[in-house]
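*Asks:* Next comes the structure file structure-v3.txt, holding compact mmCIF, C-alpha atoms (C1' of nucleotides).
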```txt
# COMPACT_ATOMS: atom_id res chain seq x y z
CA MET A 1 65.91 -58.44 143.25
CA THR A 2 69.44 -57.70 142.19
CA GLU A 3 71.39 -59.83 139.74
CA PRO A 4 73.89 -61.86 141.73
CA ALA A 5 76.08 -62.22 138.64
CA LEU A 6 76.94 -58.54 138.55
CA PRO A 7 80.22 -57.46 140.09
CA THR A 8 79.97 -56.03 143.58
CA LYS A 9 80.62 -52.45 142.54
CA ASP A 10 77.83 -52.55 139.96
CA ARG A 11 75.46 -54.19 142.40
CA LEU A 12 76.13 -51.37 144.83
CA ILE A 13 75.44 -48.73 142.21
CA LEU A 14 72.28 -50.45 141.06
CA SER A 15 70.92 -50.85 144.57
CA ALA A 16 71.82 -47.29 145.41
CA ALA A 17 70.12 -45.94 142.30
CA THR A 18 66.98 -47.92 143.08
CA LEU A 19 66.77 -47.15 146.78
CA PHE A 20 67.73 -43.49 146.61
CA ARG A 21 65.20 -43.00 143.85
CA THR A 22 62.34 -44.32 145.94
CA ARG A 23 63.28 -43.14 149.42
CA GLY A 24 65.71 -40.27 148.90
CA TYR A 25 69.34 -39.98 149.92
CA ASN A 26 68.68 -39.52 153.62
CA GLY A 27 65.93 -42.09 153.69
CA VAL A 28 68.26 -44.97 152.95
CA GLY A 29 70.68 -46.30 155.53
CA LEU A 30 73.87 -48.15 154.72
CA ALA A 31 72.38 -51.25 156.27
CA ASP A 32 69.48 -51.34 153.79
CA LEU A 33 71.82 -50.54 150.96
CA LEU A 34 74.29 -53.30 151.75
CA ALA A 35 71.55 -55.83 152.37
CA ASP A 36 69.96 -55.08 149.00
CA ALA A 37 73.28 -55.26 147.19
CA LYS A 38 74.34 -58.32 149.16
CA ALA A 39 77.69 -56.73 149.86
CA PRO A 40 79.61 -56.20 153.07
CA LYS A 41 80.57 -52.82 154.39
CA GLY A 42 84.22 -53.35 153.53
CA SER A 43 83.44 -53.59 149.83
CA LEU A 44 81.55 -50.32 149.85
CA TYR A 45 84.47 -48.41 151.30
CA HIS A 46 86.90 -50.20 149.06
CA HIS A 47 85.12 -49.18 145.86
CA PHE A 48 83.88 -45.83 147.15
CA PRO A 49 86.42 -44.38 149.60
CA ASN A 50 84.10 -41.55 150.61
CA GLY A 51 81.29 -43.96 151.31
CA LYS A 52 77.69 -43.00 150.86
CA SER A 53 78.28 -39.71 149.08
CA ASP A 54 80.60 -41.22 146.48
CA LEU A 55 78.09 -43.95 145.87
CA ALA A 56 75.33 -41.40 145.44
CA LEU A 57 77.28 -39.57 142.75
CA ALA A 58 77.93 -42.82 140.92
CA ALA A 59 74.29 -43.86 141.19
CA ALA A 60 73.13 -40.51 139.84
CA THR A 61 75.50 -40.79 136.90
CA TRP A 62 74.22 -44.29 136.21
CA ALA A 63 70.61 -43.09 136.27
CA SER A 64 71.51 -40.18 134.02
CA ASP A 65 73.09 -42.47 131.46
CA GLN A 66 69.89 -44.49 131.39
CA MET A 67 67.91 -41.32 130.71
CA LEU A 68 70.31 -40.23 127.98
CA ARG A 69 69.89 -43.58 126.30
CA LEU A 70 66.12 -43.24 126.51
CA ILE A 71 66.28 -39.83 124.86
CA ALA A 72 68.55 -41.14 122.12
CA THR A 73 66.37 -44.11 121.24
CA SER A 74 63.26 -41.91 121.27
CA PHE A 75 64.66 -39.39 118.81
CA ASP A 76 66.75 -41.68 116.64
CA GLY A 77 63.84 -42.98 114.60
CA ALA A 78 61.87 -39.73 114.66
CA GLU A 79 61.02 -37.71 111.55
CA THR A 80 60.18 -34.53 113.42
CA PHE A 81 60.99 -33.09 116.82
CA SER A 82 57.37 -33.48 117.83
CA ASP A 83 57.51 -37.20 117.00
CA GLY A 84 60.60 -37.72 119.09
CA ALA A 85 59.17 -35.79 122.02
CA THR A 86 55.97 -37.80 121.91
CA THR A 87 57.86 -41.08 121.81
CA LEU A 88 59.96 -39.99 124.78
CA CYS A 89 56.86 -39.14 126.80
CA TYR A 90 55.33 -42.52 126.05
CA LYS A 91 58.53 -44.34 126.95
CA LEU A 92 58.68 -42.43 130.23
CA ALA A 93 55.07 -43.32 130.94
CA LYS A 94 55.88 -46.98 130.48
CA LEU A 95 58.91 -46.61 132.72
CA PHE A 96 56.70 -44.94 135.31
CA ASP A 97 54.31 -47.89 135.28
CA VAL A 98 57.01 -50.52 135.45
CA THR A 99 59.20 -49.07 138.16
CA SER A 100 56.77 -46.88 140.09
CA TRP A 101 59.47 -44.30 140.24
CA ASP A 102 58.74 -41.83 142.96
CA THR A 103 60.90 -38.95 141.93
CA CYS A 104 63.36 -37.85 139.35
CA PRO A 105 66.27 -40.03 140.49
CA ILE A 106 68.67 -37.13 140.24
CA ALA A 107 66.62 -34.92 142.51
CA ALA A 108 66.09 -37.70 145.05
CA THR A 109 69.75 -38.59 145.12
CA LEU A 110 71.57 -35.31 144.82
CA PHE A 111 69.43 -32.56 146.31
CA GLU A 112 69.80 -33.73 149.89
CA GLY A 113 73.40 -34.68 150.37
CA PRO A 114 75.60 -33.33 153.14
CA ASP A 115 78.00 -31.59 150.75
CA ASN A 116 75.52 -29.46 148.90
CA THR A 117 77.90 -27.72 146.51
CA ASP A 118 79.36 -30.89 144.99
CA PHE A 119 76.01 -32.58 144.77
CA ARG A 120 74.29 -29.56 143.34
CA ALA A 121 76.95 -29.04 140.69
CA HIS A 122 76.68 -32.68 139.67
CA ALA A 123 72.90 -32.47 139.43
CA SER A 124 73.06 -29.31 137.38
CA HIS A 125 75.61 -30.90 135.05
CA ILE A 126 73.39 -33.94 134.55
CA TYR A 127 70.29 -31.90 133.81
CA GLU A 128 72.16 -29.76 131.29
CA GLY A 129 73.36 -32.98 129.69
CA TRP A 130 69.79 -34.10 129.15
CA ILE A 131 68.84 -30.76 127.67
CA ALA A 132 71.91 -30.79 125.43
CA GLU A 133 71.03 -34.25 124.17
CA VAL A 134 67.52 -33.13 123.23
CA HIS A 135 68.94 -29.94 121.75
CA ASP A 136 71.24 -31.88 119.44
CA HIS A 137 68.39 -34.03 118.16
CA ALA A 138 66.25 -30.95 117.64
CA ALA A 139 69.01 -29.26 115.65
CA ARG A 140 69.53 -32.40 113.61
CA LEU A 141 65.82 -32.40 112.80
CA GLY A 142 66.02 -28.94 111.33
CA LEU A 143 65.39 -26.48 114.16
CA SER A 144 67.49 -23.36 114.49
CA PRO A 145 69.91 -23.34 117.44
CA GLU A 146 67.73 -20.94 119.42
CA ASP A 147 64.56 -22.88 118.71
CA ALA A 148 66.31 -26.13 119.54
CA GLN A 149 67.45 -24.78 122.91
CA ALA A 150 64.02 -23.40 123.72
CA LYS A 151 62.29 -26.63 122.72
CA ALA A 152 64.74 -28.73 124.70
CA GLU A 153 64.24 -26.69 127.85
CA HIS A 154 60.50 -26.70 127.34
CA LEU A 155 60.45 -30.47 127.07
CA PHE A 156 62.58 -30.78 130.19
CA VAL A 157 60.17 -28.59 132.15
CA LEU A 158 57.15 -30.53 130.94
CA ILE A 159 58.66 -33.87 131.82
CA GLN A 160 59.79 -32.81 135.28
CA GLY A 161 56.45 -31.24 136.08
CA GLY A 162 54.46 -33.98 134.44
CA TRP A 163 56.30 -36.59 136.42
CA ALA A 164 55.47 -34.78 139.65
CA LEU A 165 51.77 -34.75 138.80
CA ALA A 166 51.83 -38.37 137.64
CA ARG A 167 53.43 -39.38 140.93
CA ALA A 168 50.84 -37.53 142.98
CA ARG A 169 48.01 -39.10 141.01
CA ARG A 170 49.72 -42.43 140.69
CA SER A 171 48.85 -42.49 137.03
CA SER A 172 51.10 -42.37 134.00
CA ASP A 173 48.38 -40.80 131.84
CA THR A 174 49.63 -37.34 132.67
CA LEU A 175 52.93 -38.18 131.02
CA ARG A 176 51.24 -39.43 127.87
CA THR A 177 49.25 -36.24 127.35
CA LEU A 178 52.35 -34.11 127.80
CA SER A 179 53.28 -33.99 124.13
CA LYS A 180 50.04 -32.18 123.33
CA LEU A 181 51.30 -29.23 125.36
CA MET A 182 54.35 -28.46 123.26
CA MET B 1 65.40 -16.45 162.51
CA THR B 2 62.03 -17.38 163.98
CA GLU B 3 59.77 -14.84 165.64
CA PRO B 4 59.95 -15.41 169.37
CA ALA B 5 56.51 -13.83 169.77
CA LEU B 6 54.75 -16.68 167.96
CA PRO B 7 53.18 -19.40 170.07
CA THR B 8 55.23 -22.56 170.40
CA LYS B 9 53.03 -24.63 168.14
CA ASP B 10 53.27 -22.10 165.32
CA ARG B 11 57.01 -21.78 165.79
CA LEU B 12 57.34 -25.55 165.41
CA ILE B 13 55.28 -25.54 162.22
CA LEU B 14 57.21 -22.64 160.77
CA SER B 15 60.58 -24.19 161.55
CA ALA B 16 59.46 -27.54 160.22
CA ALA B 17 58.20 -26.02 156.99
CA THR B 18 61.47 -24.17 156.49
CA LEU B 19 63.81 -27.00 157.36
CA PHE B 20 61.92 -29.79 155.58
CA ARG B 21 61.71 -27.63 152.49
CA THR B 22 65.46 -27.17 152.29
CA ARG B 23 66.73 -30.51 153.55
CA GLY B 24 63.86 -32.93 153.13
CA TYR B 25 61.93 -34.86 155.78
CA ASN B 26 64.67 -37.35 156.52
CA GLY B 27 67.40 -34.77 156.35
CA VAL B 28 66.17 -32.95 159.43
CA GLY B 29 66.60 -34.35 162.92
CA LEU B 30 64.41 -33.45 165.86
CA ALA B 31 67.40 -31.77 167.49
CA ASP B 32 67.81 -29.28 164.63
CA LEU B 33 64.08 -28.74 164.52
CA LEU B 34 63.72 -28.00 168.21
CA ALA B 35 66.79 -25.78 168.27
CA ASP B 36 65.44 -23.71 165.37
CA ALA B 37 62.02 -23.42 166.94
CA LYS B 38 63.51 -22.80 170.39
CA ALA B 39 61.17 -25.35 171.86
CA PRO B 40 61.81 -28.34 174.10
CA LYS B 41 61.00 -31.87 173.11
CA GLY B 42 58.07 -32.05 175.50
CA SER B 43 56.24 -29.30 173.65
CA LEU B 44 56.57 -31.09 170.36
CA TYR B 45 54.96 -34.25 171.65
CA HIS B 46 52.32 -32.27 173.48
CA HIS B 47 51.13 -30.43 170.38
CA PHE B 48 51.83 -33.27 167.96
CA PRO B 49 51.26 -36.60 169.71
CA ASN B 50 52.68 -38.56 166.78
CA GLY B 51 55.80 -36.48 166.74
CA LYS B 52 57.69 -35.80 163.59
CA SER B 53 55.14 -37.18 161.16
CA ASP B 54 52.26 -35.13 162.61
CA LEU B 55 54.42 -32.07 162.43
CA ALA B 56 55.28 -32.78 158.81
CA LEU B 57 51.62 -32.95 157.85
CA ALA B 58 50.94 -29.66 159.62
CA ALA B 59 53.94 -28.03 157.98
CA ALA B 60 52.85 -29.19 154.54
CA THR B 61 49.36 -27.82 155.11
CA TRP B 62 50.83 -24.52 156.21
CA ALA B 63 53.01 -24.34 153.09
CA SER B 64 50.04 -25.23 150.92
CA ASP B 65 47.95 -22.44 152.41
CA GLN B 66 50.70 -20.02 151.55
CA MET B 67 50.68 -21.23 147.97
CA LEU B 68 46.89 -21.00 147.75
CA ARG B 69 47.08 -17.41 148.93
CA LEU B 70 49.72 -16.68 146.29
CA ILE B 71 47.51 -18.10 143.58
CA ALA B 72 44.52 -16.09 144.81
CA THR B 73 46.34 -12.77 144.92
CA SER B 74 47.83 -13.40 141.47
CA PHE B 75 44.50 -14.05 139.81
CA ASP B 76 42.31 -11.67 141.78
CA GLY B 77 43.34 -8.60 139.86
CA ALA B 78 43.78 -10.34 136.53
CA GLU B 79 41.74 -9.52 133.45
CA THR B 80 42.59 -12.74 131.61
CA PHE B 81 43.83 -16.16 132.57
CA SER B 82 47.12 -15.44 130.86
CA ASP B 83 47.59 -12.32 132.96
CA GLY B 84 47.00 -14.22 136.17
CA ALA B 85 49.33 -17.02 135.19
CA THR B 86 52.08 -14.56 134.30
CA THR B 87 51.67 -12.73 137.60
CA LEU B 88 51.85 -16.02 139.47
CA CYS B 89 55.08 -16.98 137.70
CA TYR B 90 56.65 -13.65 138.55
CA LYS B 91 55.57 -13.89 142.17
CA LEU B 92 57.06 -17.37 142.38
CA ALA B 93 60.30 -16.12 140.84
CA LYS B 94 60.51 -13.46 143.53
CA LEU B 95 59.80 -16.07 146.18
CA PHE B 96 62.53 -18.24 144.71
CA ASP B 97 65.04 -15.41 145.00
CA VAL B 98 64.06 -14.45 148.52
CA THR B 99 63.89 -17.87 150.13
CA SER B 100 66.21 -19.93 147.93
CA TRP B 101 63.67 -22.67 148.13
CA ASP B 102 65.21 -25.92 147.12
CA THR B 103 62.18 -27.99 146.31
CA CYS B 104 58.46 -27.87 146.21
CA PRO B 105 57.87 -27.90 149.98
CA ILE B 106 55.17 -30.52 149.62
CA ALA B 107 57.43 -32.93 147.77
CA ALA B 108 60.30 -32.42 150.20
CA THR B 109 58.08 -32.92 153.21
CA LEU B 110 55.63 -35.60 152.21
CA PHE B 111 57.26 -37.86 149.64
CA GLU B 112 59.69 -39.45 152.09
CA GLY B 113 57.80 -40.14 155.28
CA PRO B 114 57.71 -43.52 156.95
CA ASP B 115 53.97 -43.94 156.47
CA ASN B 116 53.84 -43.53 152.73
CA THR B 117 50.11 -43.96 152.24
CA ASP B 118 49.05 -41.18 154.60
CA PHE B 119 51.73 -38.84 153.38
CA ARG B 120 51.06 -39.55 149.74
CA ALA B 121 47.34 -39.03 150.11
CA HIS B 122 47.94 -35.72 151.84
CA ALA B 123 50.32 -34.58 149.12
CA SER B 124 47.90 -35.57 146.39
CA HIS B 125 45.09 -33.72 148.14
CA ILE B 126 47.21 -30.58 148.42
CA TYR B 127 48.24 -30.63 144.77
CA GLU B 128 44.66 -31.10 143.62
CA GLY B 129 43.74 -28.16 145.83
CA TRP B 130 46.17 -25.93 143.97
CA ILE B 131 44.86 -27.08 140.62
CA ALA B 132 41.27 -26.56 141.77
CA GLU B 133 42.09 -23.03 142.89
CA VAL B 134 43.56 -22.18 139.48
CA HIS B 135 40.64 -23.92 137.79
CA ASP B 136 38.14 -21.74 139.62
CA HIS B 137 39.89 -18.56 138.60
CA ALA B 138 40.11 -19.79 135.01
CA ALA B 139 36.39 -20.54 134.97
CA ARG B 140 35.63 -17.15 136.50
CA LEU B 141 37.65 -15.52 133.70
CA GLY B 142 35.49 -17.10 131.04
CA LEU B 143 37.05 -20.45 130.21
CA SER B 144 34.89 -23.52 129.73
CA PRO B 145 35.15 -26.15 132.50
CA GLU B 146 37.26 -28.45 130.32
CA ASP B 147 39.57 -25.67 129.19
CA ALA B 148 39.86 -24.42 132.74
CA GLN B 149 40.89 -27.86 133.99
CA ALA B 150 43.39 -28.35 131.18
CA LYS B 151 44.89 -24.90 131.68
CA ALA B 152 45.13 -25.40 135.43
CA GLU B 153 46.94 -28.71 135.07
CA HIS B 154 49.19 -27.26 132.39
CA LEU B 155 50.19 -24.39 134.66
CA PHE B 156 50.86 -26.79 137.52
CA VAL B 157 53.15 -28.87 135.33
CA LEU B 158 55.02 -25.83 134.07
CA ILE B 159 55.56 -24.46 137.55
CA GLN B 160 56.73 -27.76 139.00
CA GLY B 161 59.11 -28.38 136.13
CA GLY B 162 60.23 -24.79 135.90
CA TRP B 163 61.03 -24.75 139.58
CA ALA B 164 63.18 -27.85 139.17
CA LEU B 165 65.16 -26.23 136.37
CA ALA B 166 65.45 -22.95 138.24
CA ARG B 167 66.81 -24.79 141.26
CA ALA B 168 69.41 -26.65 139.20
CA ARG B 169 70.53 -23.41 137.55
CA ARG B 170 70.13 -21.35 140.69
CA SER B 171 68.35 -18.73 138.65
CA SER B 172 64.77 -17.55 138.85
CA ASP B 173 64.75 -16.46 135.20
CA THR B 174 63.39 -19.84 134.16
CA LEU B 175 60.27 -19.16 136.20
CA ARG B 176 59.73 -15.77 134.63
CA THR B 177 59.81 -17.11 131.07
CA LEU B 178 57.33 -19.84 131.94
CA SER B 179 54.24 -17.89 131.01
CA LYS B 180 55.40 -17.70 127.39
CA LEU B 181 54.98 -21.45 127.16
CA MET B 182 51.27 -21.59 127.84
C1' DG C 1 105.22 -72.74 146.24
C1' DT C 2 104.65 -68.34 147.68
C1' DC C 3 104.23 -63.71 147.40
C1' DA C 4 101.38 -59.71 146.58
C1' DC C 5 97.27 -57.50 146.05
C1' DG C 6 92.38 -56.66 145.10
C1' DC C 7 88.56 -57.65 147.58
C1' DT C 8 85.54 -59.40 151.25
C1' DG C 9 83.55 -60.09 155.82
C1' DG C 10 82.14 -58.20 159.84
C1' DA C 11 83.30 -56.57 164.61
C1' DC C 12 83.36 -52.30 166.57
C1' DC C 13 82.75 -47.22 167.36
C1' DA C 14 80.96 -42.58 168.70
C1' DA C 15 77.21 -39.88 167.36
C1' DT C 16 72.72 -39.22 166.41
C1' DC C 17 68.16 -40.84 165.58
C1' DG C 18 62.96 -40.53 167.08
C1' DG C 19 60.47 -41.29 171.08
C1' DT C 20 59.03 -41.76 176.26
C1' DC C 21 58.40 -40.10 180.72
C1' DT C 22 58.08 -37.28 184.81
C1' DA C 23 58.77 -33.18 187.50
C1' DA C 24 58.42 -28.40 187.40
C1' DT C 25 56.18 -24.37 185.87
C1' DC C 26 52.79 -21.40 183.83
C1' DC C 27 48.27 -19.69 183.28
C1' DT C 28 43.40 -19.19 183.99
C1' DG C 29 38.87 -19.46 186.33
C1' DT C 30 36.92 -19.11 190.65
C1' DA D 1 44.61 -17.60 197.40
C1' DC D 2 44.14 -21.71 195.34
C1' DA D 3 43.02 -25.55 192.32
C1' DG D 4 43.98 -27.92 188.16
C1' DG D 5 44.66 -28.40 183.47
C1' DA D 6 47.91 -26.87 179.83
C1' DT D 7 52.48 -26.43 178.72
C1' DT D 8 57.44 -26.67 179.23
C1' DA D 9 61.96 -28.55 180.37
C1' DG D 10 65.15 -31.97 179.67
C1' DA D 11 67.06 -36.45 181.39
C1' DC D 12 66.94 -40.76 179.55
C1' DC D 13 66.26 -44.84 176.33
C1' DG D 14 67.18 -48.48 172.80
C1' DA D 15 67.87 -48.52 167.97
C1' DT D 16 70.18 -47.05 164.09
C1' DT D 17 73.22 -44.00 161.77
C1' DG D 18 77.67 -43.45 158.74
C1' DG D 19 82.33 -44.65 159.25
C1' DT D 20 86.87 -47.12 160.69
C1' DC D 21 89.70 -50.91 160.91
C1' DC D 22 91.86 -55.23 160.24
C1' DA D 23 92.07 -60.18 159.62
C1' DG D 24 91.30 -63.30 156.13
C1' DC D 25 90.11 -64.84 151.46
C1' DG D 26 90.89 -65.78 146.44
C1' DT D 27 93.64 -65.46 142.49
C1' DG D 28 97.12 -63.99 139.52
C1' DA D 29 102.35 -63.57 138.49
C1' DC D 30 106.75 -65.34 139.06
```
Take the structure in the file and give it back as C-alpha cells.
*Replies:*
Amino acid sequence: MTEPALPTKDRLILSAATLFRTRGYNGVGLADLLADAKAPKGSLYHHFPNGKSDLALAAATWASDQMLRLIATSFDGAETFSDGATTLCYKLAKLFDVTSWDTCPIAATLFEGPDNTDFRAHASHIYEGWIAEVHDHAARLGLSPEDAQAKAEHLFVLIQGGWALARARRSSDTLRTLSKLM
Amino acid sequence: MTEPALPTKDRLILSAATLFRTRGYNGVGLADLLADAKAPKGSLYHHFPNGKSDLALAAATWASDQMLRLIATSFDGAETFSDGATTLCYKLAKLFDVTSWDTCPIAATLFEGPDNTDFRAHASHIYEGWIAEVHDHAARLGLSPEDAQAKAEHLFVLIQGGWALARARRSSDTLRTLSKLM
DNA sequence: GTCACGCTGGACCAATCGGTCTAATCCTGT
DNA sequence: ACAGGATTAGACCGATTGGTCCAGCGTGAC
C-alpha cells in the first residue's frame, strides 16, 4: 500500500494522512499507523517528538499542499474564473472516486485532537490558505479584490458542503454539478 | 449541565449527542459519557444492548429531529422559499453562537463508527430526510418538483459548507451571509 | 579502525478502552 | 404485604491506548 522506497518520515506522514482521513484522528491507533507505515515506534518519536499530535499536524500540512496544488493546476490553464472553478470541481470528483475520501482530511485530522487550540489554529490557517489561493487566481482573471474574496469563499463553501453530500450518497456526481451553483 | 429530572435513557441520549458532536464518536469514552449523564454503566447496557454504537444511532436521530424542527419552524411562517432559507440560516447562526457546535452532529457521530455500513446508511437517511423536509416546503411555496429538489440540495450544501467555514473562523457571520448565495 | 550520531527495533508501562456480569434496589400491579 | 420485572450500581475483565526508554544498528568523518 505504501511505497517502501520512501524515507521513514515520509511514510509516516503518508500513512497518517491516509488513515486519519478515513477514520479520524481518534479512530486511528498508533499500532495501525505504524503497521501501515512499516515503521517501529522508535522512529515515530524520533521524527515527531510529540508523537501522534505532531504527526497529525504534519499530515494535515501534507494534505493541504496537495489541495493547493490541485487548485493551482485547475486555475492555471483557465480563461475565466468559472472555467477554473469547474475544472477544480471535476478534479475533486475524480479524486473522490479514486480515493473514496470520507471527509475533508483537514477536518478529520485536526478537529478532534487533544490540544484543541493548536489544532484549530492550524486548521483555520490551512483553510484560509486555500481561499487565498483561489482568491489570487480570481484576481488574476480580472475580478475585483472584493469579488475575488467573495467568489473564493463561495467556492470553498460549495466544495465543503458538496463533499459532505457526495460522501453521504457515495456518488461524486454532486461534486460535478457544483459549478452550476456559482 | 444535564437536567436531573430527565429519565436515564433520555439523559444518556442528550449527553451522547452533546459529547459526540463536540469530540466525535471515537473521542468520547464511556466513562466521560456516563459521568456527564450521571448514569451507571448497567443502565447504558440495559437501554442500549449494543452499547456505544446503539447510543450513537439514537443520539444522531435525536439531533436530526432537532434539525427537522428547526427547518419546519423556519419555513412555516415564510412567504417565499428565499424567506424561509434566510430564516433558517439565521437560526443556525444563533445556534452556532449558543452551543459552539463543532461539527454537523451527524457527521461527528456517524462517520467514524466501527460498523461503517450501518452508520453510513443511517447518516445518509438522515441527510435525505433534511433535504426532503426542505423540498416539501419549497413545493408548498410554489416551486416545481425539480426546482424544489435542486433548491433543497443547494441549501443543504451551503449550510454544510458554511458551517465548516464558520467553525474554522469561529464566527457565525458566515452562516448569516449564506442566503445571499442562493 | 573507530568514533559519533542519526535512526531503528521493540520491550515495557500505566491508563483507559468498551463490554460483561451479578447483586441490590426500585417500582408497580395485585 | 408481596411478587416480580425493570432498572441501577459498580466491581471486574482482557484488549488496546499513547508514550517512554534503551540497546543496537548502519554509515559517515577522521
*Asks:* At a cut-off of 10 Å, which residues of chain C touch chain B? Count only C-alpha atoms (C1' of nucleotides) and give the answer as a list in words.
*Replies:*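 Residues satisfying the distance criterion: DT16, DC17, DG18, DG19, DT20 and DC21 of chain C.
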*Asks:* Please write the residues from the selection above to a file, keeping C-alpha atoms (C1' of nucleotides), as a PDB file, keeping the file's coordinate frame.
*Replies:*
```pdb
ATOM      1  C1'  DT C  16      72.720 -39.220 166.410  1.00  0.00           C
ATOM      2  C1'  DC C  17      68.160 -40.840 165.580  1.00  0.00           C
ATOM      3  C1'  DG C  18      62.960 -40.530 167.080  1.00  0.00           C
ATOM      4  C1'  DG C  19      60.470 -41.290 171.080  1.00  0.00           C
ATOM      5  C1'  DT C  20      59.030 -41.760 176.260  1.00  0.00           C
ATOM      6  C1'  DC C  21      58.400 -40.100 180.720  1.00  0.00           C
TER       7       DC C  21
END
```
*Asks:* For chain B, which residues have at least one atom within 10 Å of chain D, if we go by all atoms listed in the file? Write them as a list in words, please.
*Replies:*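 Written out as asked, the residues are Thr8, Ala39, Pro40, Lys41, Gly42, Ser43, Leu44, His46 and His47 of chain B.
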*Asks:* Counting all atoms listed in the file, which residues of chain B come no farther than 8 Å from chain A, as a list in words?
*Replies:* Arg23, Gly24, Asn26, Gly27, Asp102, Phe111, Glu112, Arg120, Ala123, Ser124, Tyr127, His154, Phe156, Val157, Leu158, Ile159, Gln160, Gly161, Gly162, Ala164, Leu165, Ala168, Arg169 and Leu181 of chain B
*Asks:* Find the residue from B:Thr117, B:Ile13, B:Ser172, B:Leu19 that sits nearest to B:Val98; use all atoms listed in the file when measuring.
*Replies:*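 Distance minimum relative to B:Val98 lands on B:Ser172.
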*Asks:* Kindly list the centre and edge lengths in Å, rounded to one decimal, for the axis-aligned box that covers all listed atoms of stretch 67-83 of chain B plus 4 Å on each of its six sides, as lines of an AutoDock Vina configuration file.
*Replies:*
```
center_x = 46.2
center_y = -14.9
center_z = 139.9
size_x = 16.9
size_y = 20.6
size_z = 26.1
```
*Asks:* Skip A:Ser74 itself and residues of its chain fewer than 5 positions away, then list as a list in words all residues within 7 Å of it, counting all atoms listed in the file.
*Replies:* Gly84, Thr87 and Leu88 of chain A
*Asks:* Produce a file of the selected residues containing C-alpha atoms, as a PDB file, in the frame of the given file.
*Replies:*
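What ended up in selection.pdb:
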```pdb
ATOM      1  CA  GLY A  84      60.600 -37.720 119.090  1.00  0.00           C
ATOM      2  CA  THR A  87      57.860 -41.080 121.810  1.00  0.00           C
ATOM      3  CA  LEU A  88      59.960 -39.990 124.780  1.00  0.00           C
TER       4      LEU A  88
END
```
*Asks:* When you draw a straight line from atom CA of B:Ile71 to atom CA of B:Thr109, how long is it in Å?
*Replies:*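 Answer for the atom CA of B:Ile71 to atom CA of B:Thr109 separation: 20.6 Å.
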